[in-house]
file work04.tsv (TSV, C-alpha atoms)
chain	number	residue	atom	x	y	z
A	1	MET	CA	1.51	141.70	43.21
A	2	PRO	CA	0.95	138.87	40.72
A	3	ASP	CA	-1.42	139.92	37.95
A	4	THR	CA	-3.55	136.80	37.48
A	5	ILE	CA	-6.60	136.87	39.75
A	6	THR	CA	-9.55	134.49	39.79
A	7	VAL	CA	-12.65	135.35	41.81
A	8	VAL	CA	-14.61	132.23	42.77
A	9	ILE	CA	-18.34	132.95	43.17
A	10	PRO	CA	-20.71	130.12	44.21
A	11	THR	CA	-24.29	130.72	43.08
A	12	TYR	CA	-27.73	129.36	43.79
A	13	ASN	CA	-30.65	131.47	42.58
A	14	GLU	CA	-28.63	134.62	41.95
A	15	ALA	CA	-30.07	135.54	38.53
A	16	GLY	CA	-30.79	139.09	39.66
A	17	ASN	CA	-27.33	139.64	41.08
A	18	LEU	CA	-24.80	137.96	38.83
A	19	PRO	CA	-24.85	140.33	35.81
A	20	LYS	CA	-24.56	143.38	38.07
A	21	LEU	CA	-21.77	141.80	40.12
A	22	THR	CA	-19.86	140.83	36.99
A	23	SER	CA	-20.02	144.40	35.68
A	24	ALA	CA	-18.89	145.80	39.03
A	25	LEU	CA	-15.90	143.43	39.24
A	26	TYR	CA	-14.73	144.11	35.69
A	27	ALA	CA	-14.87	147.86	36.42
A	28	LEU	CA	-12.21	147.49	39.13
A	29	PRO	CA	-8.64	148.69	38.50
A	30	LEU	CA	-7.31	145.13	38.60
A	31	ASP	CA	-5.45	143.75	35.62
A	32	ASP	CA	-6.18	140.23	34.40
A	33	LEU	CA	-9.17	139.64	36.66
A	34	ASN	CA	-11.07	136.45	35.89
A	35	ILE	CA	-14.37	135.23	37.30
A	36	LEU	CA	-15.27	131.60	38.00
A	37	VAL	CA	-18.95	130.95	38.74
A	38	VAL	CA	-19.84	127.68	40.47
A	39	ASP	CA	-23.56	127.16	39.99
A	40	ASP	CA	-25.56	124.45	41.73
A	41	HIS	CA	-28.23	124.02	39.03
A	42	SER	CA	-30.15	127.13	40.13
A	43	PRO	CA	-33.87	126.84	39.33
A	44	ASP	CA	-34.01	130.56	38.48
A	45	GLY	CA	-31.66	130.19	35.50
A	46	THR	CA	-28.49	131.58	37.08
A	47	GLY	CA	-26.43	128.92	35.29
A	48	GLU	CA	-27.77	129.96	31.89
A	49	ILE	CA	-27.08	133.61	32.68
A	50	ALA	CA	-23.53	132.67	33.69
A	51	ASP	CA	-23.06	130.90	30.34
A	52	ARG	CA	-24.24	134.01	28.51
A	53	LEU	CA	-21.82	136.17	30.50
A	54	ALA	CA	-19.03	133.72	29.68
A	55	SER	CA	-19.75	134.17	25.96
A	56	GLU	CA	-19.65	137.96	26.43
A	57	HIS	CA	-16.31	137.77	28.27
A	58	PRO	CA	-14.39	134.97	26.50
A	59	GLY	CA	-11.35	133.84	28.42
A	60	ARG	CA	-12.28	135.96	31.43
A	61	LEU	CA	-15.36	134.20	32.82
A	62	ALA	CA	-15.83	130.47	33.26
A	63	VAL	CA	-18.66	128.40	34.72
A	64	ILE	CA	-18.73	125.15	36.66
A	65	HIS	CA	-22.19	123.55	36.44
A	66	ARG	CA	-23.03	121.14	39.25
A	67	PRO	CA	-26.04	118.80	39.21
A	68	GLY	CA	-27.74	120.16	42.31
A	69	LYS	CA	-27.37	122.03	45.58
A	70	LEU	CA	-24.23	120.31	46.88
A	71	GLY	CA	-23.15	122.86	49.49
A	72	LEU	CA	-21.02	125.96	49.80
A	73	GLY	CA	-17.88	124.17	50.95
A	74	THR	CA	-17.68	121.79	48.00
A	75	ALA	CA	-18.52	124.66	45.63
A	76	TYR	CA	-15.54	126.67	46.86
A	77	LEU	CA	-13.25	123.64	46.78
A	78	ALA	CA	-14.22	122.91	43.18
A	79	GLY	CA	-13.59	126.53	42.29
A	80	PHE	CA	-10.25	126.65	44.10
A	81	GLN	CA	-9.03	123.53	42.34
A	82	GLN	CA	-9.96	124.85	38.90
A	83	ALA	CA	-8.43	128.27	39.65
A	84	LEU	CA	-5.19	126.64	40.75
A	85	ALA	CA	-5.15	124.41	37.67
A	86	SER	CA	-5.58	127.48	35.46
A	87	GLY	CA	-2.42	129.02	36.93
A	88	SER	CA	-4.03	131.88	38.87
A	89	GLN	CA	-1.65	133.54	41.31
A	90	VAL	CA	-4.37	135.06	43.48
A	91	ILE	CA	-7.65	133.27	44.23
A	92	ALA	CA	-10.41	135.35	45.79
A	93	GLN	CA	-13.79	134.27	47.09
A	94	MET	CA	-16.98	136.25	47.62
A	95	ASP	CA	-20.77	136.02	47.78
A	96	ALA	CA	-22.88	136.83	44.74
A	97	ASP	CA	-25.49	138.89	46.60
A	98	PHE	CA	-23.57	142.18	47.10
A	99	SER	CA	-23.21	141.61	50.84
A	100	HIS	CA	-19.52	141.84	49.95
A	101	ALA	CA	-18.81	145.19	48.30
A	102	PRO	CA	-17.03	144.49	44.99
A	103	GLU	CA	-14.87	147.61	45.30
A	104	LYS	CA	-13.20	146.16	48.43
A	105	LEU	CA	-11.71	143.31	46.41
A	106	ALA	CA	-8.87	145.60	45.31
A	107	ALA	CA	-7.97	146.26	48.96
A	108	LEU	CA	-7.87	142.53	49.71
A	109	VAL	CA	-5.62	141.84	46.72
A	110	GLN	CA	-3.31	144.71	47.67
A	111	ALA	CA	-3.12	143.42	51.26
A	112	LEU	CA	-1.56	140.19	49.96
A	113	ALA	CA	1.67	142.13	49.51
A	114	GLY	CA	2.15	141.66	53.26
A	115	CYS	CA	0.33	138.43	54.08
A	116	ASP	CA	-0.68	135.01	52.79
A	117	LEU	CA	-4.43	135.34	53.34
A	118	ALA	CA	-6.35	138.63	53.34
A	119	MET	CA	-9.80	138.47	54.95
A	120	GLY	CA	-12.61	140.98	54.82
A	121	SER	CA	-13.56	141.56	58.46
A	122	ARG	CA	-16.67	143.02	60.06
A	123	TYR	CA	-15.17	142.96	63.54
A	124	VAL	CA	-11.91	144.89	63.34
A	125	PRO	CA	-11.76	148.69	63.70
A	126	GLY	CA	-13.37	150.21	60.63
A	127	GLY	CA	-15.52	147.17	59.91
A	128	SER	CA	-19.29	147.00	60.41
A	129	VAL	CA	-22.52	145.23	59.50
A	130	ASP	CA	-25.73	146.52	57.95
A	131	GLN	CA	-27.59	148.64	60.49
A	132	ARG	CA	-30.86	147.22	59.17
A	133	TRP	CA	-29.96	143.86	60.65
A	134	PRO	CA	-32.22	143.01	63.61
A	135	LEU	CA	-30.52	142.89	67.00
A	136	TRP	CA	-30.78	139.10	67.19
A	137	ARG	CA	-28.91	138.68	63.92
A	138	LYS	CA	-26.13	141.04	64.96
A	139	GLY	CA	-25.80	139.20	68.25
A	140	LEU	CA	-25.81	135.78	66.61
A	141	SER	CA	-23.08	136.77	64.14
A	142	ALA	CA	-20.88	138.31	66.82
A	143	PHE	CA	-21.39	135.38	69.19
A	144	GLY	CA	-20.65	132.87	66.42
A	145	ASN	CA	-17.25	134.42	65.88
A	146	ILE	CA	-16.43	134.66	69.58
A	147	TYR	CA	-17.50	131.01	69.92
A	148	ALA	CA	-15.26	129.79	67.07
A	149	ARG	CA	-12.29	131.92	68.16
A	150	SER	CA	-12.51	130.73	71.75
A	151	ILE	CA	-12.81	127.02	70.99
A	152	LEU	CA	-10.14	126.93	68.28
A	153	GLY	CA	-7.80	129.61	69.61
A	154	LEU	CA	-8.03	131.59	66.37
A	155	PRO	CA	-6.12	134.89	66.19
A	156	VAL	CA	-8.74	136.48	63.90
A	157	ARG	CA	-11.90	138.38	64.79
A	158	ASP	CA	-14.08	137.39	61.82
A	159	ALA	CA	-13.61	133.67	61.27
A	160	THR	CA	-16.96	133.10	59.53
A	161	GLY	CA	-16.66	135.78	56.85
A	162	GLY	CA	-16.45	134.60	53.25
A	163	PHE	CA	-14.80	137.58	51.52
A	164	ARG	CA	-11.16	136.56	51.16
A	165	ALA	CA	-8.11	136.62	48.90
A	166	TRP	CA	-5.54	133.83	48.96
A	167	ARG	CA	-2.04	133.58	47.60
A	168	ARG	CA	-1.73	130.63	45.27
A	169	GLU	CA	1.02	129.11	47.42
A	170	THR	CA	-1.17	129.27	50.52
A	171	LEU	CA	-4.05	127.33	49.01
A	172	GLN	CA	-1.64	124.81	47.49
A	173	ALA	CA	-0.18	124.12	50.93
A	174	LEU	CA	-3.55	123.42	52.57
A	175	PRO	CA	-4.78	119.80	52.64
A	176	LEU	CA	-7.94	120.67	50.71
A	177	GLU	CA	-8.80	117.00	50.28
A	178	GLN	CA	-9.29	116.81	54.06
A	179	VAL	CA	-11.72	119.74	54.27
A	180	HIS	CA	-15.28	118.49	54.69
A	181	SER	CA	-17.07	121.41	56.35
A	182	ASP	CA	-19.89	123.34	54.74
A	183	GLY	CA	-21.48	126.75	55.19
A	184	TYR	CA	-19.98	128.98	57.86
A	185	ALA	CA	-17.98	126.07	59.23
A	186	PHE	CA	-16.13	125.85	55.90
A	187	GLN	CA	-14.90	129.42	56.33
A	188	VAL	CA	-13.81	128.62	59.89
A	189	GLU	CA	-11.99	125.45	58.89
A	190	MET	CA	-10.08	127.14	56.08
A	191	VAL	CA	-8.73	129.96	58.23
A	192	TYR	CA	-8.04	127.50	61.06
A	193	LEU	CA	-5.90	125.40	58.70
A	194	ALA	CA	-4.06	128.47	57.47
A	195	CYS	CA	-3.27	129.51	61.04
A	196	LEU	CA	-2.20	125.99	62.08
A	197	LEU	CA	0.27	125.94	59.20
A	198	GLY	CA	1.75	129.28	60.21
A	199	PHE	CA	0.51	131.43	57.35
A	200	ARG	CA	0.22	135.18	57.83
A	201	VAL	CA	-3.41	136.31	58.01
A	202	LEU	CA	-4.46	139.94	57.73
A	203	GLU	CA	-7.98	141.26	58.35
A	204	VAL	CA	-9.13	144.16	56.19
A	205	PRO	CA	-12.13	146.13	57.52
A	206	ILE	CA	-15.29	145.84	55.41
A	207	TYR	CA	-18.91	146.89	55.61
A	208	PHE	CA	-21.12	143.80	55.37
A	209	ALA	CA	-24.38	144.79	53.71
A	210	ASP	CA	-27.65	142.90	53.67
A	211	ARG	CA	-28.23	141.22	50.32
A	212	HIS	CA	-29.65	143.56	47.66
A	213	TRP	CA	-31.88	141.08	45.80
A	214	GLY	CA	-33.22	137.60	46.51
A	215	ASN	CA	-33.62	135.69	49.74
A	216	SER	CA	-31.07	134.93	52.43
A	217	LYS	CA	-29.88	131.34	52.64
A	218	MET	CA	-29.16	131.54	56.38
A	219	SER	CA	-31.12	129.09	58.51
A	220	PHE	CA	-31.12	127.77	62.07
A	221	HIS	CA	-29.99	124.39	60.73
A	222	ILE	CA	-26.91	125.97	59.14
A	223	GLN	CA	-26.09	127.81	62.36
A	224	ARG	CA	-26.49	124.69	64.50
A	225	GLU	CA	-24.40	122.61	62.11
A	226	ALA	CA	-21.61	125.21	62.23
A	227	ALA	CA	-21.63	125.26	66.04
A	228	LEU	CA	-21.21	121.49	66.23
A	229	ARG	CA	-18.60	121.41	63.49
A	230	VAL	CA	-16.32	123.80	65.40
A	231	TRP	CA	-15.93	121.22	68.19
A	232	GLN	CA	-15.31	118.48	65.63
A	233	LEU	CA	-12.56	120.56	64.06
A	234	ARG	CA	-10.85	121.04	67.40
A	235	PHE	CA	-10.71	117.32	68.11
A	236	GLU	CA	-9.99	116.21	64.53
A	237	TYR	CA	-6.96	118.43	64.10
A	238	ALA	CA	-5.70	117.75	67.62
A	239	ARG	CA	-5.79	114.04	66.80
A	240	ARG	CA	-3.99	114.57	63.50
A	241	LYS	CA	-1.31	116.62	65.21
A	242	ARG	CA	-0.68	113.83	67.75
A	243	GLN	CA	-0.44	111.31	64.91
A	244	ASP	CA	2.00	113.53	63.02
A	245	ASP	CA	4.13	113.94	66.15
call {"tool": "encode", "arguments": {"input": "work04.tsv", "output": "structure tokens"}}
result
Amino acid sequence: MPDTITVVIPTYNEAGNLPKLTSALYALPLDDLNILVVDDHSPDGTGEIADRLASEHPGRLAVIHRPGKLGLGTAYLAGFQQALASGSQVIAQMDADFSHAPEKLAALVQALAGCDLAMGSRYVPGGSVDQRWPLWRKGLSAFGNIYARSILGLPVRDATGGFRAWRRETLQALPLEQVHSDGYAFQVEMVYLACLLGFRVLEVPIYFADRHWGNSKMSFHIQREAALRVWQLRFEYARRKRQDD
């Protein structure tokens, strides 16, 4: 596999997590692993902590500072663009709160030997979610994925997960300038685009833990917005396909 890897990590109030996550990622047996933090002006000082980490790891950790909370989708897009511009051959994405186990990143990168997009999946054999989750949350997550898969005809079981590794060529081929979704819908739109363009997608089983420190950013508003956005994606891309034909 190519040896230049950039892990894009959006942050908002992750001061308690970022130093620990950085240490865990740099302990992995992955050569030339770089970290790109995209911070949305966190009130808890996450951006300043990221700058300190960048000074401790010169050339291996970079920070994008944004003026405010501009959304997960635009944070990832900014990170992807900078990672591509830097020449990275593999671009990974993950949460900062340890819900994505850092040690599974190596498995995602290795999986790219046989696919174009490797996705951490809670809903394939071997995957699971934190047993401390209340029943309503487990049901909502499972239903959200069934909902998105059914409406969009997706061949993946975990369309809303955000732990992924992309080949450079895959991201370059996606019309990133046309992606306007945020939150969970952003994850759905990205894998939907990859599937529409015929890229090979492989799901790698993961255990999705509850966040270790800090507060969850999930809300009913985010869930409702994602549900509506799925229908918009179906009609938007169907219209574009007719226009292209």
call {"tool": "residues_around", "arguments": {"input": "work04.tsv", "residues": "Thr22 (chain A)", "least_positions_apart": "4", "cutoff": "8 Å", "atoms": "all atoms listed in the file", "output": "list in words"}}
result
Leu18, Tyr26 and Ile35 of chain A
call {"tool": "closest_residue", "arguments": {"input": "work04.tsv", "among": "A:Tyr123, A:Tyr147, A:Trp136, A:Phe199", "to": "Trp166 (chain A)", "atoms": "all atoms listed in the file"}}
result
A:Phe199
call {"tool": "axis_aligned_box", "arguments": {"input": "work04.tsv", "around": "region 135-145 of chain A", "padding_each_side": "8 Å", "output": "JSON"}}
result
{"center_x": -24.0, "center_y": 137.9, "center_z": 66.6, "size_x": 29.5, "size_y": 26.0, "size_z": 21.3}
call {"tool": "atom_distance", "arguments": {"input": "work04.tsv", "atom1": "CA of Ile91 (chain A)", "atom2": "CA of Arg229 (chain A)"}}
result
25.1 Å
call {"tool": "atom_distance", "arguments": {"input": "work04.tsv", "atom1": "CA of Ala165 (chain A)", "atom2": "CA of Ala118 (chain A)"}}
result
5.2 Å
call {"tool": "atom_distance", "arguments": {"input": "work04.tsv", "atom1": "CA of Glu203 (chain A)", "atom2": "CA of Ala78 (chain A)"}}
result
24.6 Å
call {"tool": "residues_around", "arguments": {"input": "work04.tsv", "residues": "Arg168 (chain A)", "least_positions_apart": "6", "cutoff": "8 Å", "atoms": "all atoms listed in the file", "output": "ChimeraX atom specification"}}
result
/A:84,88-91
